[in-house]
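Asker: Below is the file input.cif, which contains mmCIF, C-alpha atoms.
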data_target
#
loop_
_atom_site.label_atom_id
_atom_site.label_comp_id
_atom_site.auth_asym_id
_atom_site.auth_seq_id
_atom_site.Cartn_x
_atom_site.Cartn_y
_atom_site.Cartn_z
CA MET A 1 17.53 2.60 6.41
CA PRO A 2 14.74 1.90 8.93
CA ARG A 3 15.65 -0.18 11.97
CA GLY A 4 14.72 -3.86 12.15
CA PHE A 5 15.34 -4.65 8.50
CA THR A 6 17.05 -7.89 7.54
CA VAL A 7 19.58 -8.03 4.72
CA LYS A 8 16.82 -9.21 2.38
CA ARG A 9 14.56 -6.28 3.34
CA GLU A 10 17.44 -3.82 2.93
CA ARG A 11 17.99 -5.08 -0.64
CA GLN A 12 14.26 -4.90 -1.31
CA TYR A 13 14.10 -1.35 0.08
CA GLN A 14 17.04 -0.20 -2.06
CA HIS A 15 15.62 -1.84 -5.20
CA ILE A 16 12.21 -0.21 -4.76
CA LYS A 17 13.78 3.16 -3.96
CA ASP A 18 16.03 3.04 -7.04
CA SER A 19 13.12 1.97 -9.22
CA ALA A 20 10.97 4.86 -8.00
CA LYS A 21 13.79 7.33 -8.67
CA ARG A 22 14.15 5.99 -12.23
CA ARG A 23 10.42 6.59 -12.73
CA GLY A 24 10.96 10.24 -11.84
CA GLU A 25 9.90 10.34 -8.18
CA SER A 26 11.74 12.73 -5.87
CA ALA A 27 14.27 11.24 -3.45
CA GLY A 28 11.96 11.77 -0.47
CA ARG A 29 8.95 10.26 -2.21
CA ALA A 30 11.05 7.30 -3.40
CA GLU A 31 12.16 6.63 0.17
CA GLU A 32 8.56 6.84 1.40
CA ILE A 33 7.30 4.40 -1.25
CA ALA A 34 10.11 1.96 -0.48
CA ALA A 35 9.62 2.14 3.29
CA ARG A 36 5.84 1.69 3.06
CA THR A 37 6.17 -1.25 0.69
CA VAL A 38 8.81 -3.03 2.75
CA ASN A 39 6.92 -2.39 6.00
CA LYS A 40 3.77 -3.88 4.47
CA GLU A 41 5.66 -6.99 3.38
CA ARG A 42 7.20 -7.28 6.87
CA ALA A 43 3.73 -7.08 8.42
CA ARG A 44 2.32 -9.67 6.02
CA SER A 45 5.12 -12.12 6.79
CA GLY A 46 4.93 -11.64 10.58
CA GLU A 47 8.28 -9.84 10.92
CA ALA A 48 6.74 -6.65 12.34
CA LYS A 49 5.57 -6.31 15.94
CA THR A 50 2.38 -4.49 14.92
CA ALA A 51 0.40 -4.57 11.69
CA SER A 52 -2.65 -2.72 10.42
CA LYS A 53 -5.67 -4.59 9.11
CA SER A 54 -5.07 -3.27 5.60
CA SER A 55 -1.45 -4.47 5.68
CA THR A 56 -2.38 -8.04 6.51
CA GLN A 57 -5.70 -8.48 4.70
CA ASP A 58 -5.19 -6.37 1.57
CA MET A 59 -3.45 -7.91 -1.44
CA SER A 60 0.33 -7.88 -1.36
CA SER A 61 2.12 -4.93 -2.86
CA SER A 62 3.91 -7.16 -5.36
CA ARG A 63 0.58 -8.56 -6.56
CA ARG A 64 -0.96 -5.10 -6.84
CA GLY A 65 2.06 -3.82 -8.76
CA GLY A 66 1.81 -6.75 -11.15
CA LEU A 67 -1.86 -6.08 -11.77
CA ARG A 68 -1.26 -2.40 -12.36
CA SER A 69 1.59 -3.02 -14.74
CA HIS A 70 -0.70 -5.06 -17.01
CA ARG A 71 -4.06 -3.38 -16.69
CA GLY A 72 -3.27 0.15 -15.62
CA ALA A 73 -3.97 1.72 -12.25
CA GLY A 74 -7.10 0.27 -10.74
CA GLY A 75 -7.32 2.97 -8.13
CA PRO A 76 -7.99 2.30 -4.47
CA THR A 77 -9.49 -1.00 -3.36
CA LYS A 78 -13.00 -1.25 -1.95
CA ALA A 79 -11.52 -1.76 1.52
CA GLN A 80 -9.47 1.42 1.17
CA LEU A 81 -12.52 3.37 -0.03
CA TYR A 82 -14.58 1.96 2.85
CA ALA A 83 -11.93 3.00 5.38
CA GLU A 84 -11.90 6.51 3.95
CA ALA A 85 -15.71 6.66 4.03
CA ARG A 86 -15.63 5.56 7.68
CA ARG A 87 -13.11 8.30 8.51
CA ARG A 88 -15.38 10.86 6.82
CA GLY A 89 -18.52 9.55 8.51
CA VAL A 90 -20.39 8.61 5.31
CA LYS A 91 -23.85 7.23 6.18
CA GLY A 92 -24.90 3.92 4.59
CA ARG A 93 -21.36 2.93 3.63
CA SER A 94 -21.80 -0.71 4.69
CA THR A 95 -24.31 -1.35 1.91
CA MET A 96 -22.39 0.51 -0.84
CA ASN A 97 -20.44 -1.15 -3.63
CA LYS A 98 -17.03 0.09 -4.77
CA ALA A 99 -18.39 2.59 -7.31
CA GLN A 100 -20.81 4.06 -4.79
CA LEU A 101 -18.06 4.36 -2.17
CA ALA A 102 -15.82 6.11 -4.72
CA ARG A 103 -18.58 8.64 -5.48
CA ALA A 104 -19.30 9.15 -1.78
CA VAL A 105 -15.68 10.01 -0.94
CA GLY A 106 -15.24 12.08 -4.09
CA ARG A 107 -12.88 9.92 -6.14
#
What does this structure look like when you write it as structure tokens?

Answerer:
Amino acid sequence: MPRGFTVKRERQYQHIKDSAKRRGESAGRAEEIAARTVNKERARSGEAKTASKSSTQDMSSSRRGGLRSHRGAGGPTKAQLYAEARRRGVKGRSTMNKAQLARAVGR
């Protein structure tokens, strides 16, 4: 269990980890998914000392999971595609829409 978790976050972590294992994820991958999800929720609620821009400005993981469970996987968000394009040095990325960014980064 990562340090700094409250009792609520420990329960949340365990629930997400167990759910991922039931879906067929390996133990290591289930732990990674659970830790990332809980850390994002901690950042969004102000419990974490540091937080990335995508953690605080992107939609919550519970909202994204709800959307995916009803409409299928929507893939990465435009912000995530933009960040990847920036890392790869794609020219003209600021004027691209989501579909263009996806093509530019090869998704």

Asker: Pull out every residue that the PyMOL selection byres ((chain A and resi 33) around 12) matches in the shown coordinates and put them as a PyMOL selection string.

Answerer: chain A and resi 12-21+25-32+34-40+61

Asker: Quote the spacing between CA of Gln80 (chain A) and CA of Thr50 (chain A) in Å to one decimal place.

Answerer: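 Distance between the two atoms: 19.1 Å.
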
Asker: Which one of A:Lys78, A:Arg23, A:Lys8, A:Arg44 sits closest to Arg103 (chain A) if you count only C-alpha atoms?

Answerer: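 Among A:Lys78, A:Arg23, A:Lys8, A:Arg44, it is A:Lys78 that comes nearest to Arg103 (chain A).
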
Asker: Just give me the gap between CA of Arg87 (chain A) and CA of Met59 (chain A) in Å, one decimal is fine.

Answerer: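 Computing the Euclidean distance for CA of Arg87 (chain A) and CA of Met59 (chain A) yields 21.3 Å.
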
Asker: I'd like the contact shell of Gly106 (chain A) - 12 Å cut-off, all atoms listed in the file, skipping same-chain residues fewer than 5 positions apart - returned as a ChimeraX atom specification.

Answerer: /A:81,84-85,88,90,99-101

Asker: Please, what distance in Å, to one decimal, runs between CA of Arg9 (chain A) and CA of Gly46 (chain A)?

Answerer: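 Computed distance, CA of Arg9 (chain A) to CA of Gly46 (chain A), equals 13.2 Å.
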
Asker: So, counting only C-alpha atoms, which residue among A:Tyr82, A:Gly92, A:Thr77, A:Arg11 is closest to Val105 (chain A)?

Answerer: A:Tyr82
